[in-house]
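Engineer: Sharing a structure with you now.
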Amino acid sequence: MTEPLLSVRDLRVSFQMDEGLVRAVDGTSFDIMPGQVLGVVGESGCGKSVTMRAILQLVEKPGRITDGTICFRRRNGADTVDLARLPPRGAEMRDIRGAEIALIPQEPMAAFSPVHTVGDQIAEAILLHGHRWKEGGRKLRRAEARDITVGLFRDVGISMPEQRIDAYSWQLSGGLRQRAMIAMALSCKPRLLIADEPTTAIDVTTQAQVLALLRDLQARYDTAIIFITHDLGVIAQMASYVVVMYLGRVMEEGPVDEIFHAPKHPYTKALLRSIPSLYGETRVALPVIAGALPHPFNRPPGCPFHPRCPDAMARCSAAVPSLQPVAANQLASCFLHHDVAEPA
Amino acid sequence: MTDSLLEVRGLQKFFPITRGFFQSVVGHVRAVDGVDFTLKEGETLGLVGESGCGKTTASRCILRAIDPTGGQILYRMRSGKVVDLATLPQGELLPLRAEIQMIFQDPFGSLNPRMTLLDNVGEPLLVNGMKNRRERADRVAELLRLVGLRPEFMHRFPHAFSGGQRQRIGIARALATNPRLVVADEPVSALDVSIQAQVLNLLLELQQRLKLTFLFVAHDLSVVRHISDRIAVMYVGQLVELAPTAEIFRQPQHPYTAALMRAVPIADPRVRKDDGILGGEVPSPAAPPSGCYFHPRCRHATARCRAEAPELREVAPGHFSRCHFAGEMTF
Ligand SMILES: Nc1ncnc2c1ncn2[C@@H]1O[C@H](COP(=O)(O)OP(=O)(O)OP(=O)(O)O)[C@@H](O)[C@H]1O
Ligand SMILES: Nc1ncnc2c1ncn2[C@@H]1O[C@H](COP(=O)(O)OP(=O)(O)OP(=O)(O)O)[C@@H](O)[C@H]1O
Ligand code: SF4
Ligand code: SF4
Ligand SMILES: [Mg+2]
Ligand SMILES: [Mg+2]
C-alpha cells in the first residue's frame, strides 16, 4: 500500500480574539496520497483556508496551532516530518514551503507584488530553489531562470510568453493572472500543490480553461493537488477524493463517486440537495438546510451540525461524533452510522 | 407596445474614456450596446453573462440610476400609462421609484450599518411620504415577517445578522413600497450554497404571493435556469440570445450560449467533460472586435462573421439570436 504524502491528524487552530476564542479548525483529519487530487469542500468560514495555512505554518497572529500533527513525507526520505512541530521561520520549513509544497492563495491579486514584473518574481523564486532545475545543485544564472519562466508560461497556456513575463500583475486579466499564479506555484516543481479557491473569482468559461489546465498539469507532472472550493460542481469535476468540512471539522470523506452518489452524512446529503442542477425541475422550491451557519464565537456543543440536522437525536447535542469508517474507503462523523464519540 | 410591463429597445450606455489634464474624450466603453427584451407582468427574465458584459449597467439604466446613451425603456405604469424611462425628466421619476425596486448583490453594502432595521427597511417608505413612524414600524414588522425574520429584530443593526439574513433584509427593503418590477442584481451570488437555496425559495414564493415581475441578473447558469421563465444572454454589451428557459437549454441558437452551458461544472463526477472548452478571452467593450463580437472565439466563424455584424433576429417563435447561422446549424 502506498504511504500518504501528507497526513493531517486532529488538527486544531484557534484565534484568541477580544470577543472570544474562534476555533477555526477544530479537530480535522485527512490524508493525501502522492499524485492524488483531494477536493476540500465546505461553506464560507468552515476553516478550509486556515487548515491550508496551518500546513504551511503561515497562520497569522493571534492564530495558533493548538493541537494535532501534520506529517509530511519529504522528497528524499522514507520518514516523515511533523510540520506542526517545525519552527515557522526555520530553515526546514522555508525549504519545504515553495520547494515541496506550493500554495495558490485565495487572493491572487495580493500574491504578486505590484512593483515587480510577474516574470521577475517567478525567476526570483526559481533562483532561490535553483537546485531543483539543475543536476548537482549548480547555481542558476538569471538568464537561465528567465528562460525557465518563459517555458512555464508556455506550459500554463499563456500566449506570447516572452512579452507577458515583463507585465505587472495588475496589467493581466483575471484569467492570465491566475495562470501566472499557477506558473509561480509550479516554478519549484512541488510535489504538493494547494489551490485555495483558484477559480472562484473568475468567469465560468475562464474557469473551465483553468480547471482543464490543472488537470493536465497534474497528469503531466504527477503533482498531488489539494483543491479547495465551496463549489460542488468544481469538486465533482476535479477531485478523486473529497473531504467535506463544516465548522472546522470533517463531516465526511471518501472517493468522489461515493460522496456524490452514496453520501452518508446528513450535511453532505443536504448540501447536495440544495444546489440547483442543470437538469432538475425549474421554479420549484429547493430542499433547504434550515437555519444559518452559527457565528464563530457561538459554536454549538456536541455535533456541530445538530441545530440544523433533520436527523438529530438527543445524543447529538451532548457528545461530539468522531470520524469513523462507515463504508469501504468512506468515513463520517455522525451517530447515525456509529456511536464513537470524541473523548471529552 | 403590447401588453408587456417593460419593453427595452436598442438600449445603449457608453462611458467616456478621458485622458490628460483637460480630460479630453479619447474613446468610449460601450458597456451596453444593443439590448432588447420585453417583460410580461408576473414573469422572471434571467439575464446572464460573464463579468463586464454589461448586466449591471443595463439594470441601472432601467432603474434610471444612470442615464442611458440611447434606446427606449417603455414601462407600463399601474395607471396603465406607458412612459419611456430612458428620457423621462428626473422630476417625473419619483412616483416610479415606488413601482420599480432593486435587490443588490452585496446585502451589507446596501444597508446603512448605523441604522436599525426599522430605519433601513423603512427608508423607502419615508421617501415615499409615509411620515408617521408608528405606521412605518407596523409596515416594517409586516415586511420582516414576509421574508421570514422576526419583527422584534427591527431594533437591531445590520451587523448582527448573517449573510443570508442580511439578504432577506435587503429583500424586505425592496418590497417596502409594493413594487411591481424588481430588478435583482446577483442577489444570491455572495451567499453560501445552503443559504442560496433559502433565498431562491423566498423569491419564488414572494413572486407568486405578490404577483411580482423579476429581472434576475446572475452569472450562474444553474441558478438562472432554476428561477427564470425566459433567459437572456449577454456578451460584450449585447444581447446575443433570448428564449424560454427549456427551449434555450434544449437547443441554444448561439455558439456563445452553447459554450457557456458546456463550461458549467456539473455536480456529478460521472459527467466529466473536457471537450468544447471555449478558448481565448472576453474582449474589452472599449475595443470590441469587428463584425460579430464573438468571432475571435467562435468555432463556426467565417469571413462573413469578421466583416458583418449580425442583428438580433427571431429564429423560432419567441427565440431570438444574434448569429448569422442561427437556425441553420446546431451549436
Ligand atoms: N486572521 C484571523 N483572525 C481571526 N479569525 C480568523 C482569521 N482567519 C480566519 N479566521 C476565522 O477562522 C474561521 C475559518 O476561516 P477560513 O478562512 O479558514 O474559512 P474558509 O473555509 O476558507 O472560508 P471561505 O470559503 O470564506 O474562504 C472563520 O470563522 C474566520 O472568521
Ligand atoms: N462608471 C463607469 N465608468 C466606466 N466604465 C464603466 C463604468 N461602469 C461600468 N463600466 C464598464 O462597463 C462594462 C460593463 O460593466 P458592468 O458592471 O455592467 O458589467 P457586469 O456584467 O455587471 O459585470 P459583473 O458580472 O462583473 O458584475 C465593464 O467593462 C465596466 O468596466
Ligand atoms: S451526529 Fe446527529 S446531529 Fe450530527 S449529523 Fe449525525 S444525526 Fe445529525
Ligand atoms: S455570427 Fe459567426 S462568429 Fe458570430 S456567433 Fe455566429 S457563427 Fe460565430
Ligand atoms: Mg478560504
Ligand atoms: Mg454586475
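Letters A, B, ... mark the chains of the C-alpha cells in the order given; residue numbers begin at 1 per chain; ligand numbers begin at 1, in order shown.
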Tell me, as a list of chain:residue names, which residues lie within 10 Å of Glu100 in chain A, counting only C-alpha atoms; anything in the same chain fewer than 2 positions away does not count.

Structural biologist: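 In the requested format, the answer is A:Phe72, A:Arg73, A:Arg74, A:Arg75, A:Met93, A:Arg94, A:Asp95, A:Ile96, A:Arg97, A:Gly98, A:Ala102, A:Leu186, A:Cys188, A:Lys189, A:Pro190, A:Arg191, A:Leu192, A:Leu193.
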
Engineer: Generate the output file for the selected residues, N, CA and C atoms, as a compact mmCIF listing (two decimals), in the first residue's frame.

Structural biologist:
# COMPACT_ATOMS: atom_id res chain seq x y z
N PHE A 72 4.41 15.04 6.94
CA PHE A 72 4.71 15.22 5.52
C PHE A 72 5.91 14.36 5.15
N ARG A 73 5.78 13.60 4.06
CA ARG A 73 6.89 12.77 3.59
C ARG A 73 7.75 13.60 2.66
N ARG A 74 8.98 13.84 3.03
CA ARG A 74 9.84 14.72 2.23
C ARG A 74 10.34 13.99 0.99
N ARG A 75 10.81 14.80 0.05
CA ARG A 75 11.21 14.27 -1.25
C ARG A 75 12.25 13.15 -1.15
N MET A 93 11.36 24.53 7.33
CA MET A 93 10.03 24.95 6.88
C MET A 93 10.14 25.81 5.63
N ARG A 94 11.14 26.69 5.61
CA ARG A 94 11.33 27.56 4.44
C ARG A 94 11.64 26.74 3.19
N ASP A 95 12.40 25.67 3.40
CA ASP A 95 12.77 24.82 2.27
C ASP A 95 11.56 24.05 1.73
N ILE A 96 10.71 23.63 2.66
CA ILE A 96 9.51 22.87 2.24
C ILE A 96 8.52 23.78 1.54
N ARG A 97 8.35 24.96 2.12
CA ARG A 97 7.40 25.93 1.58
C ARG A 97 7.89 26.37 0.20
N GLY A 98 7.11 26.22 -0.78
CA GLY A 98 7.53 26.66 -2.12
C GLY A 98 8.22 25.54 -2.86
N ALA A 102 3.53 23.98 -2.58
CA ALA A 102 3.29 25.33 -3.08
C ALA A 102 1.82 25.67 -2.89
N LEU A 186 4.23 26.36 -9.71
CA LEU A 186 4.91 25.21 -10.30
C LEU A 186 6.41 25.43 -10.43
N CYS A 188 8.85 25.65 -8.61
CA CYS A 188 9.81 24.87 -7.84
C CYS A 188 9.49 23.39 -7.88
N LYS A 189 8.71 22.99 -8.90
CA LYS A 189 8.36 21.59 -9.06
C LYS A 189 7.87 20.96 -7.75
N PRO A 190 6.82 21.52 -7.17
CA PRO A 190 6.35 20.99 -5.89
C PRO A 190 5.77 19.59 -6.06
N ARG A 191 5.76 18.82 -4.99
CA ARG A 191 5.08 17.52 -5.04
C ARG A 191 3.65 17.66 -4.57
N LEU A 192 3.39 18.75 -3.84
CA LEU A 192 2.03 19.01 -3.37
C LEU A 192 1.68 20.46 -3.69
N LEU A 193 0.58 20.62 -4.41
CA LEU A 193 0.11 21.96 -4.76
C LEU A 193 -1.21 22.18 -4.03

Engineer: Residues up to 7 Å from ligand 2, counting only C-alpha atoms and all ligand atoms: could you list those as a ChimeraX atom specification?

Structural biologist: /B:15-16,29-32,49-58,219,237,284-285

Engineer: Could you please take those selected residues and save C-alpha atoms as a tab-separated table (two decimals), in the first residue's frame?

Structural biologist:
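The resulting again_13.tsv:
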chain	number	residue	atom	x	y	z
B	15	PHE	CA	-18.91	55.64	-20.71
B	16	PRO	CA	-16.36	58.16	-21.96
B	29	VAL	CA	-16.54	51.97	-23.24
B	30	ARG	CA	-19.59	50.54	-24.97
B	31	ALA	CA	-20.81	48.91	-21.76
B	32	VAL	CA	-24.29	48.31	-23.15
B	49	GLY	CA	-23.27	36.76	-18.99
B	50	GLU	CA	-19.71	36.92	-17.82
B	51	SER	CA	-18.10	39.68	-15.79
B	52	GLY	CA	-18.08	43.05	-17.53
B	53	CYS	CA	-20.66	42.15	-20.20
B	54	GLY	CA	-22.92	44.98	-19.03
B	55	LYS	CA	-25.56	43.30	-16.86
B	56	THR	CA	-25.30	45.80	-14.00
B	57	THR	CA	-25.08	48.76	-16.36
B	58	ALA	CA	-28.24	47.64	-18.19
B	219	HIS	CA	-23.63	34.79	-13.81
B	237	GLY	CA	-22.66	44.74	-24.09
B	284	SER	CA	-12.83	44.75	-23.93
B	285	PRO	CA	-16.03	46.72	-24.54

Engineer: Counting only C-alpha atoms, a student should be able to say which residues of chain A come within 7 Å of chain B; what is the right answer, written as a list in words?

Structural biologist: Glu43, Ser44, Asp203, Val204, Thr205, Ala208, Gln209, Ala212, Leu232, Gly233, Val234, Ala236, Gln237, Val256, Asp257, Phe260, Leu271, Ser274, Ile275, Pro276, Ser277, Leu278, Thr282, Arg283, Ala285, Leu286, Val288 and Ile289 of chain A

Engineer: Taking only C-alpha atoms and all ligand atoms into account, report as a PDB file with C-alpha atoms, in the first residue's frame which residues have an atom no farther than 7 Å from an atom of ligand 4.

Structural biologist:
ATOM      1  CA  HIS B 254     -25.949  30.990 -30.384  1.00  0.00           C
ATOM      2  CA  PRO B 255     -22.460  29.467 -30.144  1.00  0.00           C
ATOM      3  CA  TYR B 256     -21.640  31.560 -27.077  1.00  0.00           C
ATOM      4  CA  CYS B 292     -19.677  39.596 -34.758  1.00  0.00           C
ATOM      5  CA  TYR B 293     -18.119  40.366 -31.368  1.00  0.00           C
ATOM      6  CA  PHE B 294     -17.820  36.648 -30.700  1.00  0.00           C
ATOM      7  CA  HIS B 295     -15.928  35.749 -33.897  1.00  0.00           C
ATOM      8  CA  CYS B 298     -16.211  31.100 -32.241  1.00  0.00           C
ATOM      9  CA  ARG B 299     -15.500  27.763 -33.848  1.00  0.00           C
ATOM     10  CA  HIS B 300     -18.118  28.396 -36.520  1.00  0.00           C
ATOM     11  CA  ALA B 301     -16.760  31.808 -37.567  1.00  0.00           C
ATOM     12  CA  THR B 302     -16.440  32.569 -41.292  1.00  0.00           C
ATOM     13  CA  CYS B 305     -18.617  36.951 -39.324  1.00  0.00           C
ATOM     14  CA  PRO B 310     -25.243  40.066 -37.055  1.00  0.00           C
ATOM     15  CA  ARG B 322     -27.608  37.353 -32.838  1.00  0.00           C
ATOM     16  CA  CYS B 323     -25.768  34.874 -35.061  1.00  0.00           C
ATOM     17  CA  HIS B 324     -25.658  34.748 -38.865  1.00  0.00           C
ATOM     18  CA  PHE B 325     -26.106  30.997 -38.837  1.00  0.00           C
ATOM     19  CA  ALA B 326     -28.754  30.564 -36.169  1.00  0.00           C
TER      20      ALA B 326
END

Engineer: Measure the distance from CA of Pro198 in chain A to CA of Ala99 in chain A in Å and round it to one decimal.

Structural biologist: 19.6 Å

Engineer: DSSP says strand (DSSP E or B) for which residues of range 65-206 of chain B? Put them as a compact mmCIF listing (two decimals) with N, CA, C and O atoms, in the first residue's frame?

Structural biologist:
# COMPACT_ATOMS: atom_id res chain seq x y z
N GLY B 70 -28.63 55.74 -25.32
CA GLY B 70 -29.60 55.63 -26.40
C GLY B 70 -30.59 54.51 -26.14
O GLY B 70 -30.41 53.71 -25.23
N GLY B 71 -31.64 54.48 -26.93
CA GLY B 71 -32.63 53.42 -26.82
C GLY B 71 -33.85 53.84 -26.02
O GLY B 71 -33.92 54.96 -25.51
N GLN B 72 -34.80 52.93 -25.92
CA GLN B 72 -36.05 53.21 -25.20
C GLN B 72 -36.26 52.18 -24.09
O GLN B 72 -35.87 51.02 -24.24
N ILE B 73 -36.87 52.63 -23.00
CA ILE B 73 -37.24 51.73 -21.91
C ILE B 73 -38.71 52.02 -21.60
O ILE B 73 -39.03 52.86 -20.77
N LEU B 74 -39.59 51.36 -22.31
CA LEU B 74 -41.02 51.65 -22.16
C LEU B 74 -41.58 50.87 -20.98
O LEU B 74 -41.40 49.66 -20.88
N TYR B 75 -42.25 51.58 -20.08
CA TYR B 75 -42.78 50.97 -18.87
C TYR B 75 -44.26 51.30 -18.73
O TYR B 75 -44.66 52.46 -18.87
N ARG B 76 -45.06 50.26 -18.49
CA ARG B 76 -46.50 50.48 -18.30
C ARG B 76 -46.79 50.69 -16.82
O ARG B 76 -46.62 49.77 -16.02
N VAL B 82 -48.15 54.47 -20.45
CA VAL B 82 -46.82 54.00 -20.83
C VAL B 82 -45.85 55.18 -20.89
O VAL B 82 -46.15 56.19 -21.52
N VAL B 83 -44.72 55.03 -20.18
CA VAL B 83 -43.72 56.11 -20.19
C VAL B 83 -42.38 55.54 -20.68
O VAL B 83 -42.13 54.35 -20.58
N ASP B 84 -41.54 56.41 -21.22
CA ASP B 84 -40.20 55.99 -21.62
C ASP B 84 -39.21 56.39 -20.52
O ASP B 84 -38.86 57.55 -20.38
N ILE B 100 -40.67 50.42 -9.13
CA ILE B 100 -39.52 49.64 -9.58
C ILE B 100 -38.45 49.65 -8.49
O ILE B 100 -37.98 50.71 -8.10
N GLN B 101 -38.10 48.48 -7.98
CA GLN B 101 -37.14 48.41 -6.88
C GLN B 101 -36.00 47.47 -7.21
O GLN B 101 -36.07 46.68 -8.14
N MET B 102 -34.95 47.56 -6.40
CA MET B 102 -33.74 46.80 -6.70
C MET B 102 -33.28 45.98 -5.49
O MET B 102 -33.35 46.44 -4.36
N ILE B 103 -32.78 44.77 -5.75
CA ILE B 103 -32.10 43.97 -4.72
C ILE B 103 -30.65 43.84 -5.17
O ILE B 103 -30.39 43.53 -6.33
N LEU B 181 -42.15 45.82 -10.33
CA LEU B 181 -40.98 45.26 -11.01
C LEU B 181 -39.79 45.28 -10.05
O LEU B 181 -39.51 46.31 -9.44
N VAL B 182 -39.16 44.13 -9.87
CA VAL B 182 -37.98 44.06 -9.00
C VAL B 182 -36.78 43.63 -9.84
O VAL B 182 -36.82 42.59 -10.50
N VAL B 183 -35.75 44.48 -9.83
CA VAL B 183 -34.52 44.15 -10.52
C VAL B 183 -33.56 43.60 -9.47
O VAL B 183 -33.20 44.30 -8.52
N ALA B 184 -33.17 42.34 -9.61
CA ALA B 184 -32.29 41.72 -8.61
C ALA B 184 -30.93 41.49 -9.26
O ALA B 184 -30.82 40.69 -10.19
N ASP B 185 -29.91 42.22 -8.82
CA ASP B 185 -28.58 42.12 -9.42
C ASP B 185 -27.73 41.16 -8.60
O ASP B 185 -27.24 41.50 -7.54

Engineer: Counting only C-alpha atoms and all ligand atoms, what are the residues, protein, DNA or RNA alike, that approach ligand 3 to within 6 Å? I want them as a PyMOL selection string.

Structural biologist: chain A and resi 266+303+305-306+309+311-313+316+321+334-336

Engineer: Can you list, as a VMD selection string, every protein, DNA or RNA residue that comes within 8 Å of range 15-19 of chain A when you count only C-alpha atoms, leaving out same-chain residues fewer than 6 positions away?

Structural biologist: chain A and resid 61 to 64 297

Engineer: DSSP on the backbone, then: every residue of range 81-148 of chain B marked helix (DSSP H, G or I), written as JSON, numbers by chain.

Structural biologist: {"B": [90, 91, 92, 94, 95, 96, 97, 98, 99, 117, 118, 119, 120, 121, 122, 123, 124, 125, 126, 127, 133, 134, 135, 136, 137, 138, 139, 140, 141, 142, 143, 144, 145, 146]}

Engineer: Next, dump the selected residues to file, keeping only N, CA, C and O atoms, as a compact mmCIF listing (two decimals), in the first residue's frame.

Structural biologist:
# COMPACT_ATOMS: atom_id res chain seq x y z
N GLN B 90 -36.08 63.89 -14.55
CA GLN B 90 -35.89 63.48 -13.16
C GLN B 90 -37.14 63.70 -12.30
O GLN B 90 -37.53 62.83 -11.54
N GLY B 91 -37.76 64.85 -12.45
CA GLY B 91 -38.90 65.22 -11.62
C GLY B 91 -40.06 64.25 -11.73
O GLY B 91 -40.82 64.06 -10.78
N GLU B 92 -40.20 63.60 -12.90
CA GLU B 92 -41.33 62.69 -13.08
C GLU B 92 -41.00 61.26 -12.69
O GLU B 92 -41.82 60.36 -12.80
N LEU B 94 -40.03 60.22 -9.61
CA LEU B 94 -40.31 59.88 -8.22
C LEU B 94 -41.46 58.88 -8.03
O LEU B 94 -41.28 57.87 -7.35
N PRO B 95 -42.63 59.10 -8.63
CA PRO B 95 -43.70 58.12 -8.43
C PRO B 95 -43.33 56.73 -8.94
O PRO B 95 -43.86 55.72 -8.47
N LEU B 96 -42.39 56.66 -9.89
CA LEU B 96 -41.99 55.37 -10.43
C LEU B 96 -41.03 54.63 -9.52
O LEU B 96 -40.92 53.42 -9.57
N ARG B 97 -40.33 55.38 -8.67
CA ARG B 97 -39.35 54.75 -7.77
C ARG B 97 -40.03 53.73 -6.86
O ARG B 97 -39.42 52.75 -6.47
N ALA B 98 -41.30 53.98 -6.53
CA ALA B 98 -42.02 53.03 -5.68
C ALA B 98 -42.36 51.77 -6.45
O ALA B 98 -42.42 50.68 -5.89
N GLU B 99 -42.57 51.90 -7.75
CA GLU B 99 -43.02 50.74 -8.55
C GLU B 99 -41.87 49.84 -8.98
O GLU B 99 -42.06 48.66 -9.25
N LEU B 117 -32.82 48.11 11.60
CA LEU B 117 -33.61 47.57 10.50
C LEU B 117 -34.84 48.42 10.26
O LEU B 117 -35.25 48.61 9.12
N LEU B 118 -35.42 48.93 11.33
CA LEU B 118 -36.61 49.77 11.17
C LEU B 118 -36.31 50.92 10.21
O LEU B 118 -37.08 51.19 9.29
N ASP B 119 -35.17 51.57 10.41
CA ASP B 119 -34.86 52.71 9.55
C ASP B 119 -34.35 52.28 8.18
O ASP B 119 -34.65 52.93 7.18
N ASN B 120 -33.60 51.18 8.13
CA ASN B 120 -33.12 50.70 6.83
C ASN B 120 -34.27 50.26 5.94
O ASN B 120 -34.38 50.67 4.79
N VAL B 121 -35.10 49.39 6.49
CA VAL B 121 -36.21 48.86 5.70
C VAL B 121 -37.28 49.94 5.48
O VAL B 121 -37.95 49.97 4.44
N GLY B 122 -37.41 50.83 6.45
CA GLY B 122 -38.45 51.85 6.38
C GLY B 122 -38.09 53.05 5.52
O GLY B 122 -38.95 53.86 5.18
N GLU B 123 -36.80 53.16 5.15
CA GLU B 123 -36.38 54.34 4.41
C GLU B 123 -37.16 54.59 3.12
O GLU B 123 -37.61 55.72 2.88
N PRO B 124 -37.34 53.56 2.28
CA PRO B 124 -38.11 53.82 1.05
C PRO B 124 -39.54 54.30 1.36
O PRO B 124 -40.13 55.03 0.56
N LEU B 125 -40.08 53.89 2.51
CA LEU B 125 -41.43 54.33 2.89
C LEU B 125 -41.41 55.82 3.20
O LEU B 125 -42.29 56.58 2.79
N LEU B 126 -40.37 56.22 3.93
CA LEU B 126 -40.22 57.63 4.29
C LEU B 126 -40.09 58.47 3.03
O LEU B 126 -40.76 59.50 2.88
N VAL B 127 -39.21 58.01 2.12
CA VAL B 127 -39.00 58.73 0.86
C VAL B 127 -40.32 58.87 0.11
O VAL B 127 -40.58 59.88 -0.54
N ARG B 133 -43.99 57.49 12.13
CA ARG B 133 -43.06 56.43 12.50
C ARG B 133 -43.78 55.15 12.92
O ARG B 133 -43.35 54.05 12.62
N ARG B 134 -44.89 55.30 13.66
CA ARG B 134 -45.70 54.15 14.09
C ARG B 134 -46.16 53.31 12.90
O ARG B 134 -46.03 52.10 12.86
N GLU B 135 -46.68 54.07 11.92
CA GLU B 135 -47.20 53.44 10.72
C GLU B 135 -46.07 52.68 10.01
O GLU B 135 -46.26 51.55 9.54
N ARG B 136 -44.90 53.34 9.97
CA ARG B 136 -43.75 52.70 9.32
C ARG B 136 -43.34 51.44 10.07
O ARG B 136 -43.06 50.41 9.46
N ALA B 137 -43.33 51.51 11.40
CA ALA B 137 -42.94 50.35 12.20
C ALA B 137 -43.88 49.18 11.94
O ALA B 137 -43.45 48.03 11.83
N ASP B 138 -45.17 49.46 11.80
CA ASP B 138 -46.13 48.39 11.52
C ASP B 138 -45.83 47.74 10.18
O ASP B 138 -45.84 46.51 10.04
N ARG B 139 -45.55 48.58 9.20
CA ARG B 139 -45.28 48.06 7.86
C ARG B 139 -43.96 47.27 7.86
O ARG B 139 -43.86 46.21 7.24
N VAL B 140 -42.94 47.76 8.57
CA VAL B 140 -41.65 47.05 8.63
C VAL B 140 -41.83 45.69 9.31
O VAL B 140 -41.29 44.68 8.84
N ALA B 141 -42.64 45.66 10.37
CA ALA B 141 -42.90 44.38 11.04
C ALA B 141 -43.53 43.39 10.07
O ALA B 141 -43.14 42.22 9.99
N GLU B 142 -44.48 43.88 9.29
CA GLU B 142 -45.16 43.04 8.31
C GLU B 142 -44.16 42.53 7.25
O GLU B 142 -44.16 41.35 6.87
N LEU B 143 -43.25 43.44 6.81
CA LEU B 143 -42.26 43.06 5.80
C LEU B 143 -41.27 42.03 6.34
O LEU B 143 -40.91 41.09 5.64
N LEU B 144 -40.84 42.21 7.59
CA LEU B 144 -39.88 41.26 8.16
C LEU B 144 -40.52 39.88 8.25
O LEU B 144 -39.89 38.87 7.95
N ARG B 145 -41.80 39.85 8.66
CA ARG B 145 -42.49 38.55 8.72
C ARG B 145 -42.56 37.93 7.33
O ARG B 145 -42.35 36.73 7.17
N LEU B 146 -42.80 38.77 6.33
CA LEU B 146 -42.92 38.30 4.95
C LEU B 146 -41.66 37.58 4.49
O LEU B 146 -41.72 36.59 3.77
